[in-house]
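Q: The file below is entry-v6.tsv, TSV, C-alpha atoms:
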chain	number	residue	atom	x	y	z
G	16	MET	CA	12.10	-4.52	115.73
G	17	SER	CA	14.37	-7.00	117.45
G	18	SER	CA	18.03	-7.17	118.37
G	19	ALA	CA	18.11	-10.98	118.47
G	20	ARG	CA	21.14	-12.66	116.92
G	21	ILE	CA	20.23	-15.28	114.31
G	22	MET	CA	22.67	-17.80	112.84
G	23	VAL	CA	21.88	-18.93	109.29
G	24	VAL	CA	23.40	-22.33	108.46
G	25	ASP	CA	23.19	-23.12	104.74
G	26	ASP	CA	25.62	-24.05	101.97
G	27	ASP	CA	23.79	-21.84	99.43
G	28	PRO	CA	25.27	-18.29	99.20
G	29	GLN	CA	22.03	-16.99	97.66
G	30	ILE	CA	20.04	-18.12	100.73
G	31	HIS	CA	22.52	-16.27	102.95
G	32	ARG	CA	22.15	-13.06	100.92
G	33	VAL	CA	18.34	-13.21	100.90
G	34	LEU	CA	18.02	-14.03	104.60
G	35	ARG	CA	20.62	-11.49	105.71
G	36	THR	CA	18.73	-8.74	103.86
G	37	ALA	CA	15.39	-9.79	105.36
G	38	LEU	CA	16.75	-10.23	108.89
G	39	VAL	CA	18.72	-6.99	109.04
G	40	ALA	CA	15.69	-5.08	107.71
G	41	GLN	CA	13.76	-6.32	110.78
G	42	GLY	CA	16.50	-5.34	113.22
G	43	TYR	CA	17.99	-8.81	113.70
G	44	GLU	CA	21.72	-9.45	113.72
G	45	ALA	CA	22.63	-12.10	111.13
G	46	VAL	CA	25.51	-14.54	111.54
G	47	ASP	CA	26.47	-16.91	108.70
G	48	ALA	CA	27.72	-20.50	108.83
G	49	ARG	CA	28.33	-22.47	105.62
G	50	ASN	CA	27.87	-25.96	107.05
G	51	GLY	CA	27.04	-27.91	110.17
G	52	ASP	CA	30.64	-28.24	111.33
G	53	GLU	CA	31.14	-24.47	111.17
G	54	ALA	CA	27.86	-23.85	113.00
G	55	ILE	CA	28.82	-26.16	115.87
G	56	GLU	CA	32.30	-24.65	116.04
G	57	ARG	CA	30.93	-21.09	116.25
G	58	LEU	CA	27.95	-21.82	118.51
G	59	GLY	CA	29.72	-21.03	121.78
G	60	GLU	CA	31.45	-17.97	120.37
G	61	GLU	CA	28.44	-16.36	118.68
G	62	LYS	CA	25.76	-17.42	121.21
G	63	PRO	CA	22.84	-17.02	118.76
G	64	ASP	CA	19.30	-16.45	120.00
G	65	LEU	CA	17.96	-18.62	117.15
G	66	ILE	CA	19.36	-20.87	114.41
G	67	ILE	CA	17.96	-21.24	110.88
G	68	LEU	CA	19.30	-24.61	109.71
G	69	ASP	CA	19.14	-26.15	106.24
G	70	VAL	CA	18.45	-29.90	106.19
G	71	ASN	CA	20.24	-30.76	102.94
G	72	MET	CA	23.92	-29.90	103.39
G	73	PRO	CA	27.03	-31.87	102.43
G	74	ARG	CA	29.08	-33.68	105.07
G	75	MET	CA	27.04	-33.15	108.23
G	76	ASN	CA	23.40	-32.65	107.23
G	77	GLY	CA	20.92	-30.48	109.09
G	78	LEU	CA	19.36	-33.28	111.12
G	79	GLU	CA	22.74	-34.43	112.40
G	80	THR	CA	23.74	-30.84	113.14
G	81	CYS	CA	20.48	-30.26	115.01
G	82	ARG	CA	21.06	-33.30	117.22
G	83	VAL	CA	24.60	-32.17	118.08
G	84	VAL	CA	23.43	-28.64	118.90
G	85	ARG	CA	20.62	-30.04	121.05
G	86	SER	CA	23.09	-32.09	123.09
G	87	THR	CA	24.51	-28.88	124.55
G	88	SER	CA	22.08	-26.04	123.82
G	89	ASP	CA	18.37	-25.21	124.00
G	90	VAL	CA	18.61	-22.42	121.37
G	91	PRO	CA	15.46	-22.30	119.16
G	92	ILE	CA	16.02	-23.99	115.78
G	93	ILE	CA	14.03	-23.58	112.56
G	94	MET	CA	14.77	-26.17	109.88
G	95	LEU	CA	14.70	-25.37	106.14
G	96	THR	CA	14.14	-28.07	103.53
G	97	VAL	CA	12.86	-28.59	100.00
G	98	ARG	CA	10.78	-31.58	101.12
G	99	ASP	CA	7.27	-31.19	102.53
G	100	ALA	CA	6.26	-34.74	103.44
G	101	GLU	CA	4.90	-35.19	106.96
G	102	SER	CA	7.63	-37.75	107.66
G	103	ASP	CA	10.29	-35.14	106.86
G	104	LYS	CA	8.65	-32.62	109.16
G	105	ILE	CA	8.43	-35.17	111.99
G	106	ALA	CA	12.08	-36.12	111.44
G	107	ALA	CA	13.10	-32.47	111.86
G	108	LEU	CA	11.03	-32.04	115.02
G	109	ASP	CA	12.30	-35.35	116.41
G	110	ALA	CA	15.87	-34.15	115.88
G	111	GLY	CA	15.11	-31.22	118.18
G	112	ALA	CA	13.89	-28.46	115.86
G	113	ASP	CA	11.26	-26.05	117.11
G	114	ASP	CA	9.78	-25.43	113.67
G	115	TYR	CA	10.05	-26.36	109.99
G	116	VAL	CA	9.80	-24.23	106.81
G	117	THR	CA	9.70	-25.59	103.26
G	118	LYS	CA	11.67	-24.05	100.40
G	119	PRO	CA	10.79	-21.98	98.49
G	120	PHE	CA	9.46	-19.73	101.26
G	121	SER	CA	8.45	-16.10	101.48
G	122	SER	CA	10.31	-13.71	103.77
G	123	PRO	CA	7.10	-12.75	105.65
G	124	GLU	CA	6.39	-16.44	106.34
G	125	LEU	CA	9.88	-17.09	107.69
G	126	LEU	CA	9.87	-13.90	109.77
G	127	ALA	CA	6.56	-14.96	111.31
G	128	ARG	CA	8.08	-18.33	112.18
G	129	ILE	CA	11.08	-16.59	113.74
G	130	ARG	CA	8.82	-14.45	115.92
G	131	ALA	CA	6.90	-17.57	116.98
G	132	ALA	CA	10.10	-19.43	117.85
G	133	LEU	CA	11.42	-16.50	119.90
G	134	ARG	CA	8.19	-15.82	121.76
G	135	ARG	CA	7.57	-17.28	125.19
G	136	SER	CA	4.30	-18.45	126.68
G	137	PRO	CA	2.66	-15.98	129.07
G	138	GLN	CA	4.01	-16.11	132.61
G	139	VAL	CA	2.05	-18.24	135.01
G	140	ASP	CA	0.53	-17.17	138.31
G	141	PRO	CA	3.30	-15.99	140.70
G	142	GLU	CA	2.11	-18.57	143.22
G	143	MET	CA	3.06	-21.27	140.68
G	144	GLN	CA	6.67	-20.23	140.09
G	145	VAL	CA	7.83	-23.60	141.44
G	146	VAL	CA	5.66	-26.72	141.09
G	147	LYS	CA	6.59	-30.02	142.75
G	148	PHE	CA	4.84	-33.37	142.36
G	149	ASP	CA	6.22	-36.81	143.08
G	150	ASP	CA	9.94	-36.57	142.20
G	151	ILE	CA	9.50	-33.77	139.62
G	152	GLU	CA	10.24	-30.10	140.25
G	153	ILE	CA	9.43	-27.43	137.64
G	154	ASN	CA	10.84	-23.94	138.20
G	155	PHE	CA	9.00	-21.60	135.86
G	156	SER	CA	11.08	-18.50	136.62
G	157	GLN	CA	14.37	-20.33	135.95
G	158	ARG	CA	12.88	-22.54	133.19
G	159	ARG	CA	14.36	-25.65	134.80
G	160	VAL	CA	12.95	-29.14	135.24
G	161	VAL	CA	14.46	-31.62	137.69
G	162	VAL	CA	13.38	-35.26	137.64
G	163	GLY	CA	14.71	-37.18	140.64
G	164	LYS	CA	18.27	-35.95	141.02
G	165	ARG	CA	18.90	-35.04	137.39
G	166	GLU	CA	18.03	-31.96	135.39
G	167	ALA	CA	15.95	-32.67	132.29
G	168	ARG	CA	17.14	-30.63	129.30
G	169	LEU	CA	14.11	-29.23	127.50
G	170	THR	CA	14.04	-27.20	124.30
G	171	PRO	CA	12.35	-23.77	124.55
G	172	LYS	CA	9.11	-24.99	123.00
G	173	GLU	CA	9.10	-28.18	125.05
G	174	PHE	CA	9.30	-26.07	128.19
G	175	ASP	CA	6.61	-23.66	126.94
G	176	LEU	CA	4.30	-26.59	126.23
G	177	LEU	CA	4.94	-28.20	129.61
G	178	GLN	CA	4.44	-24.85	131.35
G	179	TYR	CA	1.07	-24.31	129.66
G	180	MET	CA	-0.17	-27.81	130.41
G	181	VAL	CA	0.93	-27.70	134.06
G	182	ALA	CA	-0.67	-24.28	134.47
G	183	HIS	CA	-3.98	-25.79	133.26
G	184	PRO	CA	-4.03	-29.14	135.06
G	185	ASN	CA	-6.59	-31.93	135.09
G	186	VAL	CA	-8.74	-30.60	132.23
G	187	PRO	CA	-8.69	-31.60	128.54
G	188	ILE	CA	-6.97	-28.98	126.38
G	189	PRO	CA	-7.90	-29.10	122.67
G	190	HIS	CA	-5.15	-29.40	120.09
G	191	THR	CA	-5.93	-26.00	118.59
G	192	LYS	CA	-5.85	-24.27	121.98
G	193	LEU	CA	-2.47	-25.77	122.86
G	194	LEU	CA	-0.93	-24.95	119.48
G	195	GLN	CA	-2.13	-21.36	119.37
G	196	SER	CA	-1.22	-20.70	123.00
G	197	VAL	CA	2.32	-22.08	122.72
G	198	TRP	CA	3.32	-21.51	119.08
G	199	GLY	CA	0.97	-18.76	117.94
G	200	ALA	CA	-2.27	-18.01	116.10
G	201	ASP	CA	-1.07	-19.47	112.77
G	202	TYR	CA	-0.32	-22.94	114.15
G	203	GLY	CA	-3.81	-24.23	114.98
G	204	ASN	CA	-3.69	-27.10	112.45
G	205	GLU	CA	-0.14	-28.36	113.11
G	206	VAL	CA	-1.27	-31.36	115.17
G	207	GLU	CA	1.86	-33.35	114.32
G	208	TYR	CA	3.87	-30.75	116.28
G	209	LEU	CA	2.00	-31.74	119.42
G	210	ARG	CA	2.44	-35.45	118.83
G	211	VAL	CA	6.20	-35.05	118.55
G	212	PHE	CA	6.64	-32.58	121.39
G	213	VAL	CA	4.41	-34.44	123.86
G	214	ASN	CA	6.26	-37.66	123.07
G	215	GLN	CA	9.58	-35.93	123.70
G	216	LEU	CA	8.33	-34.50	127.00
G	217	ARG	CA	7.13	-37.93	128.09
G	218	LYS	CA	10.59	-39.37	127.43
G	219	LYS	CA	12.12	-36.67	129.61
G	220	ILE	CA	9.78	-36.62	132.63
G	221	GLU	CA	7.77	-39.86	132.67
G	222	LYS	CA	9.13	-43.03	134.26
G	223	ASN	CA	7.29	-45.07	131.64
G	224	PRO	CA	6.75	-42.90	128.54
G	225	SER	CA	4.67	-45.56	126.79
G	226	THR	CA	2.24	-45.56	129.72
G	227	PRO	CA	2.29	-41.91	130.81
G	228	LYS	CA	1.16	-40.85	134.24
G	229	TYR	CA	1.25	-37.05	133.88
G	230	LEU	CA	0.84	-36.08	130.20
G	231	LEU	CA	-2.23	-37.88	128.94
G	232	THR	CA	-3.83	-38.09	125.50
G	233	GLU	CA	-7.49	-37.13	125.25
G	234	PRO	CA	-8.64	-39.06	122.14
G	235	TRP	CA	-10.08	-36.83	119.41
G	236	VAL	CA	-9.69	-33.77	121.66
G	237	GLY	CA	-6.13	-33.00	122.71
G	238	TYR	CA	-4.08	-33.58	125.87
G	239	ARG	CA	-4.43	-33.29	129.63
G	240	SER	CA	-1.89	-32.89	132.37
G	241	ARG	CA	-2.81	-35.07	135.34
G	242	LEU	CA	-1.15	-33.71	138.45
G	243	PRO	CA	-1.47	-34.88	142.05
G	244	ASP	CA	-3.40	-32.59	144.38
Would you write out, as structure tokens, the structure that this file holds?

A:
Amino acid sequence: MSSARIMVVDDDPQIHRVLRTALVAQGYEAVDARNGDEAIERLGEEKPDLIILDVNMPRMNGLETCRVVRSTSDVPIIMLTVRDAESDKIAALDAGADDYVTKPFSSPELLARIRAALRRSPQVDPEMQVVKFDDIEINFSQRRVVVGKREARLTPKEFDLLQYMVAHPNVPIPHTKLLQSVWGADYGNEVEYLRVFVNQLRKKIEKNPSTPKYLLTEPWVGYRSRLPD
């Protein structure tokens, strides 16, 4: 059971009723918002631990709402949509979502995704609570990344992924290992998640994201973090 507060943003009253029943039954606190504008307005007041956000809403759609939320908050976001094309999934992840669920969905599936979004990667060795290389400083205990003189705003899953890769430096990490270690056992085949999240991390910490120095692709295998000694 969990006491996490979850904001459901959807213009469909039936979705609100179904999700509220499922969430409350698992010990979550459910907060409703009928559209993106209302969600953004109530974000600071409600301080949700996770947002479930529908893509297809009138006025401000889910992707726009996600981008606005991401400009000020690192709260985990799960997107809901009736479309299942890979391009739609990548668009949701690019907007800043942590995960993506297609309608119609089962309550057990969504609850599993919620648990995955709320979970954190295992803590690293205490001797690695702060890692510094070149002009980058990563504070694992505070979940902060500073590049040069500016703080890089990372989403929860971006930080979890960076933490795992930095904790296992200079060795190739297979796609499946990364996915299952950061997202959970059910995510071993979601390779597009890694492509999006690694690209986002490169934009935030690499001087030249198109020619990365620290987060390298291992063709046909996975990724490798190359850190100075």

Q: Give the answer as one residue: which of G:Val236, G:Ile151, G:Val211, G:Leu58 has the shortest atom-to-atom distance to His190 of chain G, using all atoms listed in the file?

A: G:Val236

Q: When distances are computed from all atoms listed in the file, which of G:Val97, G:Ala19, G:Val213, G:Leu34 shows the smallest separation from Glu61 of chain G?

A: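 Answer, going by the shortest atom-to-atom distance: G:Ala19.
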
Q: Would you list the contacts of segment 159-164 of chain G as a ChimeraX atom specification, taking every protein, DNA or RNA residue within 12 Å and counting all atoms listed in the file, but skipping same-chain residues closer than 6 positions in sequence?

A: /G:89,144-153,170-171,173-175,177-178,216-222

Q: Please identify all polymer residues within 12 Å of Tyr202 of chain G, counting all atoms listed in the file, omitting same-chain residues fewer than 5 positions from it, and present them as a compact mmCIF listing (two decimals) with C-alpha atoms, in the coordinates of the input.

A:
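What follows is the written file out.txt:
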# COMPACT_ATOMS: atom_id res chain seq x y z
CA ASP G 114 9.78 -25.43 113.67
CA TYR G 115 10.05 -26.36 109.99
CA ALA G 127 6.56 -14.96 111.31
CA ARG G 128 8.08 -18.33 112.18
CA ALA G 131 6.90 -17.57 116.98
CA ALA G 132 10.10 -19.43 117.85
CA HIS G 190 -5.15 -29.40 120.09
CA THR G 191 -5.93 -26.00 118.59
CA LYS G 192 -5.85 -24.27 121.98
CA LEU G 193 -2.47 -25.77 122.86
CA LEU G 194 -0.93 -24.95 119.48
CA GLN G 195 -2.13 -21.36 119.37
CA SER G 196 -1.22 -20.70 123.00
CA VAL G 197 2.32 -22.08 122.72
CA GLU G 207 1.86 -33.35 114.32
CA TYR G 208 3.87 -30.75 116.28
CA LEU G 209 2.00 -31.74 119.42

Q: Near Asn71 of chain G, counting only C-alpha atoms, which residues have an atom at most 7 Å away, once you skip same-chain residues fewer than 3 positions from it, shown as a PyMOL selection string?

A: chain G and resi 76-77+96

Q: Please indicate the distance in Å from atom CA of Asp99 of chain G to atom CA of Pro119 of chain G, rounded to one decimal place.

A: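 Between atom CA of Asp99 of chain G and atom CA of Pro119 of chain G the gap works out to 10.7 Å.
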
Q: Considering all atoms listed in the file, can you say which of G:Leu65, G:Ile188, G:Ala54, G:Val181 comes closest to Ser18 of chain G?

A: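 Among the listed residues, the smallest separation from Ser18 of chain G belongs to G:Leu65.
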
Q: May I ask which of the residues G:Arg20, G:Lys104, G:Arg74, G:Arg82 is the closest one to Arg210 of chain G, counting all atoms listed in the file?

A: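 Comparing G:Arg20, G:Lys104, G:Arg74, G:Arg82 against Arg210 of chain G, the winner is G:Lys104.
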
Q: Which is closest to Ala107 of chain G among G:Ile129, G:Leu38, G:Val70, G:Ile55, if we use all atoms listed in the file?

A: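 Answer, going by the shortest atom-to-atom distance: G:Val70.
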
Q: Give me, please, the distance in Å between atom CA of Gln41 of chain G and atom CA of Phe120 of chain G, quoted to one decimal.

A: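 Calculated distance between atom CA of Gln41 of chain G and atom CA of Phe120 of chain G is 17.0 Å.
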
Q: Could you jot down the atom CA of Glu166 of chain G to atom CA of Val24 of chain G separation for me, Å, one decimal place?

A: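 According to the coordinates, atom CA of Glu166 of chain G and atom CA of Val24 of chain G are separated by 29.1 Å.
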
Q: My list of candidates is G:Met72, G:Val186, G:Val206, G:Val33. Which is closest to Leu125 of chain G when distances are computed with only C-alpha atoms?

A: G:Val33

Q: Near Ala37 of chain G, within 10 Å and counting all atoms listed in the file, which residues show up once chain neighbours fewer than 4 positions away are dropped, as a list in words?

A: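 Here the qualifying residues turn out to be His31, Arg32, Val33, Gln41, Gly42, Tyr43, Ala45, Ser122, Pro123, Leu125 and Leu126 of chain G.
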
Q: Please reconstruct the missing atoms of segment 205-216 of chain G (target: all heavy atoms) and return them as an mmCIF file, keeping the file's coordinate frame.

A:
data_model
loop_
_atom_site.group_PDB
_atom_site.id
_atom_site.type_symbol
_atom_site.label_atom_id
_atom_site.label_comp_id
_atom_site.auth_asym_id
_atom_site.auth_seq_id
_atom_site.Cartn_x
_atom_site.Cartn_y
_atom_site.Cartn_z
ATOM 1 N N GLU G 205 -1.398 -27.594 113.124
ATOM 2 C CA GLU G 205 -0.140 -28.360 113.110
ATOM 3 C C GLU G 205 -0.144 -29.442 114.199
ATOM 4 O O GLU G 205 0.700 -29.453 115.097
ATOM 5 C CB GLU G 205 1.051 -27.413 113.302
ATOM 6 C CG GLU G 205 1.131 -26.305 112.273
ATOM 7 C CD GLU G 205 1.711 -26.787 110.949
ATOM 8 O OE1 GLU G 205 1.999 -27.999 110.832
ATOM 9 O OE2 GLU G 205 1.872 -25.960 110.045
ATOM 10 N N VAL G 206 -1.091 -30.369 114.102
ATOM 11 C CA VAL G 206 -1.270 -31.360 115.170
ATOM 12 C C VAL G 206 -0.041 -32.245 115.322
ATOM 13 O O VAL G 206 0.277 -32.695 116.426
ATOM 14 C CB VAL G 206 -2.541 -32.206 114.906
ATOM 15 C CG1 VAL G 206 -2.702 -33.283 115.967
ATOM 16 C CG2 VAL G 206 -3.776 -31.309 114.886
ATOM 17 N N GLU G 207 0.685 -32.484 114.219
ATOM 18 C CA GLU G 207 1.860 -33.350 114.320
ATOM 19 C C GLU G 207 2.922 -32.732 115.234
ATOM 20 O O GLU G 207 3.718 -33.451 115.850
ATOM 21 C CB GLU G 207 2.464 -33.646 112.939
ATOM 22 C CG GLU G 207 3.080 -32.475 112.234
ATOM 23 C CD GLU G 207 2.069 -31.734 111.356
ATOM 24 O OE1 GLU G 207 0.853 -31.873 111.573
ATOM 25 O OE2 GLU G 207 2.513 -31.003 110.454
ATOM 26 N N TYR G 208 2.951 -31.384 115.339
ATOM 27 C CA TYR G 208 3.870 -30.750 116.280
ATOM 28 C C TYR G 208 3.609 -31.255 117.691
ATOM 29 O O TYR G 208 4.536 -31.605 118.418
ATOM 30 C CB TYR G 208 3.677 -29.215 116.269
ATOM 31 C CG TYR G 208 4.357 -28.473 115.145
ATOM 32 C CD1 TYR G 208 4.207 -28.891 113.826
ATOM 33 C CD2 TYR G 208 5.134 -27.352 115.389
ATOM 34 C CE1 TYR G 208 4.806 -28.204 112.793
ATOM 35 C CE2 TYR G 208 5.750 -26.661 114.364
ATOM 36 C CZ TYR G 208 5.575 -27.093 113.064
ATOM 37 O OH TYR G 208 6.185 -26.414 112.048
ATOM 38 N N LEU G 209 2.344 -31.297 118.067
ATOM 39 C CA LEU G 209 2.000 -31.740 119.420
ATOM 40 C C LEU G 209 2.374 -33.189 119.639
ATOM 41 O O LEU G 209 2.894 -33.545 120.706
ATOM 42 C CB LEU G 209 0.506 -31.539 119.678
ATOM 43 C CG LEU G 209 0.044 -30.114 119.950
ATOM 44 C CD1 LEU G 209 -1.460 -30.095 120.180
ATOM 45 C CD2 LEU G 209 0.762 -29.512 121.140
ATOM 46 N N ARG G 210 2.102 -34.034 118.664
ATOM 47 C CA ARG G 210 2.440 -35.450 118.830
ATOM 48 C C ARG G 210 3.928 -35.629 119.116
ATOM 49 O O ARG G 210 4.324 -36.372 120.027
ATOM 50 C CB ARG G 210 2.044 -36.238 117.575
ATOM 51 C CG ARG G 210 0.555 -36.445 117.412
ATOM 52 C CD ARG G 210 0.261 -37.576 116.450
ATOM 53 N NE ARG G 210 0.665 -37.245 115.084
ATOM 54 C CZ ARG G 210 -0.141 -36.702 114.178
ATOM 55 N NH1 ARG G 210 -1.393 -36.424 114.503
ATOM 56 N NH2 ARG G 210 0.288 -36.444 112.962
ATOM 57 N N VAL G 211 4.756 -34.932 118.357
ATOM 58 C CA VAL G 211 6.200 -35.050 118.550
ATOM 59 C C VAL G 211 6.630 -34.461 119.880
ATOM 60 O O VAL G 211 7.374 -35.086 120.651
ATOM 61 C CB VAL G 211 6.956 -34.358 117.391
ATOM 62 C CG1 VAL G 211 8.457 -34.319 117.679
ATOM 63 C CG2 VAL G 211 6.701 -35.086 116.078
ATOM 64 N N PHE G 212 6.163 -33.263 120.191
ATOM 65 C CA PHE G 212 6.640 -32.580 121.390
ATOM 66 C C PHE G 212 6.136 -33.250 122.673
ATOM 67 O O PHE G 212 6.871 -33.335 123.652
ATOM 68 C CB PHE G 212 6.238 -31.100 121.360
ATOM 69 C CG PHE G 212 7.181 -30.243 120.559
ATOM 70 C CD1 PHE G 212 7.158 -30.262 119.178
ATOM 71 C CD2 PHE G 212 8.109 -29.437 121.184
ATOM 72 C CE1 PHE G 212 8.036 -29.499 118.429
ATOM 73 C CE2 PHE G 212 8.997 -28.663 120.456
ATOM 74 C CZ PHE G 212 8.957 -28.692 119.065
ATOM 75 N N VAL G 213 4.904 -33.724 122.672
ATOM 76 C CA VAL G 213 4.410 -34.440 123.860
ATOM 77 C C VAL G 213 5.183 -35.728 124.048
ATOM 78 O O VAL G 213 5.549 -36.095 125.181
ATOM 79 C CB VAL G 213 2.891 -34.698 123.752
ATOM 80 C CG1 VAL G 213 2.433 -35.642 124.864
ATOM 81 C CG2 VAL G 213 2.112 -33.381 123.851
ATOM 82 N N ASN G 214 5.464 -36.439 122.958
ATOM 83 C CA ASN G 214 6.260 -37.660 123.070
ATOM 84 C C ASN G 214 7.648 -37.376 123.627
ATOM 85 O O ASN G 214 8.175 -38.134 124.458
ATOM 86 C CB ASN G 214 6.367 -38.361 121.710
ATOM 87 C CG ASN G 214 5.099 -39.102 121.325
ATOM 88 O OD1 ASN G 214 4.293 -39.446 122.184
ATOM 89 N ND2 ASN G 214 4.911 -39.345 120.041
ATOM 90 N N GLN G 215 8.256 -36.288 123.190
ATOM 91 C CA GLN G 215 9.580 -35.930 123.700
ATOM 92 C C GLN G 215 9.513 -35.575 125.186
ATOM 93 O O GLN G 215 10.397 -35.962 125.968
ATOM 94 C CB GLN G 215 10.158 -34.749 122.902
ATOM 95 C CG GLN G 215 10.409 -35.031 121.430
ATOM 96 C CD GLN G 215 11.599 -35.936 121.184
ATOM 97 O OE1 GLN G 215 12.064 -36.633 122.072
ATOM 98 N NE2 GLN G 215 12.104 -35.948 119.969
ATOM 99 N N LEU G 216 8.488 -34.845 125.581
ATOM 100 C CA LEU G 216 8.330 -34.500 127.000
ATOM 101 C C LEU G 216 8.134 -35.753 127.839
ATOM 102 O O LEU G 216 8.690 -35.866 128.941
ATOM 103 C CB LEU G 216 7.137 -33.550 127.181
ATOM 104 C CG LEU G 216 7.366 -32.086 126.852
ATOM 105 C CD1 LEU G 216 6.058 -31.304 126.948
ATOM 106 C CD2 LEU G 216 8.401 -31.474 127.797
#
